[in-house]
Amino acid sequence: MTTAGIHLRGDTPFAGGDQSFRAIPTDTPPSDIVQSHASIGFDRTAFQRDINVVFPLDRAREFVARSEIGSLSRTCFSFMGAQRPPYDRLLQETGPEVARRLRTEGVDVVFLTGT
């Protein structure tokens with residue numbers, strides 16, 4: 001899970017204050033993932049060079065290969081960072097929906113990365 005405001009190339013981009021989420025299948029190639037997180041002075045250069053700085057899926061795959069974790073979920077989730085109150089939709093709608101989806105997939109632990 002990330003708050004880097006990333007999503008599939010064809011998805012609706014995140015907008016400022018957007019409290020929705022985007023689902024990203026774990027097997028998505030990095031070239032199909034874009035970042036719409038924007039903020040004054042925000043530099044996307046590191047993300048453009050290596051997606052793992054905000055979405056370390058390659059590192060997670062290495063953990064699986066070394067048997068340090070059992071497996072990855074089929075789906076990863078992305079939220080927009082830099083939120084400001086009120087957080088009502090996150091707390092009452094989108095957060096619980098992602099939690100339900102994670103439980104349905106049998107997820108035991110979530111790694112949360114920011115940007």
# chains A, B, ... in the order shown; residues from 1 in each chain; ligands from 1

call {"tool": "residues_around", "arguments": {"residues": "Leu72 of chain A", "least_positions_apart": "6", "cutoff": "9 Å", "atoms": "only C-alpha atoms", "output": "PyMOL selection string"}}
result
chain A and resi 26+60-61+64+107

call {"tool": "write_last_selection", "arguments": {"atoms": "N, CA and C atoms", "output": "mmCIF file, in the first residue's frame"}}
result
data_model
loop_
_atom_site.group_PDB
_atom_site.id
_atom_site.type_symbol
_atom_site.label_atom_id
_atom_site.label_comp_id
_atom_site.auth_asym_id
_atom_site.auth_seq_id
_atom_site.Cartn_x
_atom_site.Cartn_y
_atom_site.Cartn_z
ATOM 1 N N THR A 26 -0.732 -6.827 -8.581
ATOM 2 C CA THR A 26 0.670 -7.020 -8.223
ATOM 3 C C THR A 26 1.550 -7.342 -9.427
ATOM 4 N N ALA A 60 9.758 -6.397 -2.422
ATOM 5 C CA ALA A 60 8.836 -7.360 -1.808
ATOM 6 C C ALA A 60 8.950 -8.720 -2.499
ATOM 7 N N ARG A 61 9.086 -8.716 -3.820
ATOM 8 C CA ARG A 61 9.267 -9.979 -4.553
ATOM 9 C C ARG A 61 10.557 -10.672 -4.113
ATOM 10 N N VAL A 64 9.908 -12.542 -0.944
ATOM 11 C CA VAL A 64 9.230 -13.810 -1.223
ATOM 12 C C VAL A 64 10.243 -14.833 -1.728
ATOM 13 N N VAL A 107 -4.670 -11.213 3.400
ATOM 14 C CA VAL A 107 -3.462 -10.467 3.748
ATOM 15 C C VAL A 107 -3.304 -10.415 5.266
#

call {"tool": "residues_around", "arguments": {"residues": "segment 86-98 of chain A", "least_positions_apart": "3", "cutoff": "7 Å", "atoms": "only C-alpha atoms", "output": "MDAnalysis selection string"}}
result
chainID A and resid 19:21 101:102

call {"tool": "write_last_selection", "arguments": {"atoms": "C-alpha atoms", "output": "PDB file, in the first residue's frame"}}
result
ATOM      1  CA  GLN A  19      -9.599  10.430  -0.609  1.00  0.00           C
ATOM      2  CA  SER A  20     -10.321   7.596  -3.028  1.00  0.00           C
ATOM      3  CA  PHE A  21      -7.941   4.732  -3.791  1.00  0.00           C
ATOM      4  CA  ARG A 101     -10.442  -6.247   0.187  1.00  0.00           C
ATOM      5  CA  LEU A 102      -7.176  -7.058   1.967  1.00  0.00           C
TER       6      LEU A 102
END

call {"tool": "closest_residue", "arguments": {"among": "A:Ala23, A:Cys76, A:Ala38, A:Ile33", "to": "Leu8 of chain A", "atoms": "only C-alpha atoms"}}
result
A:Ile33

call {"tool": "residues_around", "arguments": {"residues": "Asn52 of chain A", "least_positions_apart": "4", "cutoff": "12 Å", "atoms": "only C-alpha atoms", "output": "short mmCIF file (atom, residue, chain, number, x, y, z; two decimals) with N, CA and C atoms, in the first residue's frame"}}
result
data_model
loop_
_atom_site.label_atom_id
_atom_site.label_comp_id
_atom_site.auth_asym_id
_atom_site.auth_seq_id
_atom_site.Cartn_x
_atom_site.Cartn_y
_atom_site.Cartn_z
N THR A 2 0.45 2.25 -0.70
CA THR A 2 1.25 3.46 -0.78
C THR A 2 0.37 4.71 -0.74
N ALA A 4 1.59 7.32 -2.42
CA ALA A 4 2.35 8.02 -3.45
C ALA A 4 1.49 8.54 -4.58
N ILE A 6 -0.01 6.85 -6.94
CA ILE A 6 0.26 6.16 -8.19
C ILE A 6 -0.97 5.37 -8.61
N PRO A 30 5.97 -2.06 -14.21
CA PRO A 30 6.19 -0.67 -13.78
C PRO A 30 5.89 0.36 -14.87
N ILE A 33 2.45 1.96 -14.69
CA ILE A 33 2.09 2.68 -13.47
C ILE A 33 2.60 4.12 -13.58
N ALA A 46 12.94 10.86 -8.75
CA ALA A 46 13.31 9.55 -8.18
C ALA A 46 12.31 8.48 -8.61
N PHE A 47 11.02 8.78 -8.57
CA PHE A 47 10.00 7.83 -9.02
C PHE A 47 10.20 7.46 -10.48
N GLN A 48 10.50 8.45 -11.30
CA GLN A 48 10.68 8.21 -12.73
C GLN A 48 11.91 7.33 -13.00
N PRO A 56 7.83 -0.26 -3.53
CA PRO A 56 8.92 -1.24 -3.58
C PRO A 56 8.47 -2.68 -3.85
N LEU A 57 7.75 -2.85 -4.92
CA LEU A 57 7.24 -4.17 -5.26
C LEU A 57 8.37 -5.14 -5.62
N ASP A 58 9.40 -4.66 -6.29
CA ASP A 58 10.55 -5.53 -6.60
C ASP A 58 11.23 -6.02 -5.32
N ARG A 59 11.36 -5.14 -4.33
CA ARG A 59 11.96 -5.55 -3.06
C ARG A 59 11.07 -6.58 -2.36
N ALA A 60 9.76 -6.40 -2.42
CA ALA A 60 8.84 -7.36 -1.81
C ALA A 60 8.95 -8.72 -2.50
N ARG A 61 9.09 -8.72 -3.82
CA ARG A 61 9.27 -9.98 -4.55
C ARG A 61 10.56 -10.67 -4.11
N THR A 113 3.98 2.60 2.22
CA THR A 113 5.06 3.49 1.82
C THR A 113 4.49 4.84 1.44
N GLY A 114 5.20 5.87 1.74
CA GLY A 114 4.79 7.22 1.40
C GLY A 114 5.66 7.76 0.26
N THR A 115 5.50 9.03 0.00
CA THR A 115 6.33 9.64 -1.04
C THR A 115 6.82 10.99 -0.55
#

call {"tool": "closest_residue", "arguments": {"among": "A:Phe111, A:Gln83, A:Thr104, A:Arg9", "to": "Asp32 of chain A", "atoms": "only C-alpha atoms"}}
result
A:Arg9

call {"tool": "atom_distance", "arguments": {"atom1": "atom CA of Asp43 of chain A", "atom2": "atom CA of Asp18 of chain A"}}
result
19.4 Å

call {"tool": "closest_residue", "arguments": {"among": "A:Ser67, A:Ser31, A:Ser73, A:Thr45", "to": "Gly10 of chain A", "atoms": "only C-alpha atoms"}}
result
A:Ser31

call {"tool": "closest_residue", "arguments": {"among": "A:Gly17, A:Gly81, A:Gly106, A:Arg74", "to": "Gln35 of chain A", "atoms": "only C-alpha atoms"}}
result
A:Gly81

call {"tool": "select_by_dssp", "arguments": {"residues": "chain A", "states": "alpha helix (DSSP H)", "output": "PyMOL selection string"}}
result
chain A and resi 45-49+57-65+88-89+95-104

call {"tool": "atom_distance", "arguments": {"atom1": "atom CA of Asp11 of chain A", "atom2": "atom CA of His37 of chain A"}}
result
13.3 Å

call {"tool": "residues_around", "arguments": {"residues": "Arg22 of chain A", "least_positions_apart": "6", "cutoff": "6 Å", "atoms": "only C-alpha atoms", "output": "PyMOL selection string"}}
result
chain A and resi 7+77-78

call {"tool": "residues_around", "arguments": {"residues": "Ser36 of chain A", "least_positions_apart": "2", "cutoff": "6 Å", "atoms": "only C-alpha atoms", "output": "PyMOL selection string"}}
result
chain A and resi 5+13-14

call {"tool": "atom_distance", "arguments": {"atom1": "atom CA of Ile69 of chain A", "atom2": "atom CA of Val34 of chain A"}}
result
26.8 Å

call {"tool": "select_by_dssp", "arguments": {"residues": "segment 48-115 of chain A", "states": "strand (DSSP E or B)", "output": "list in words"}}
result
Thr75, Cys76, Phe77, Ser78, Phe79, Met80 and Thr113 of chain A
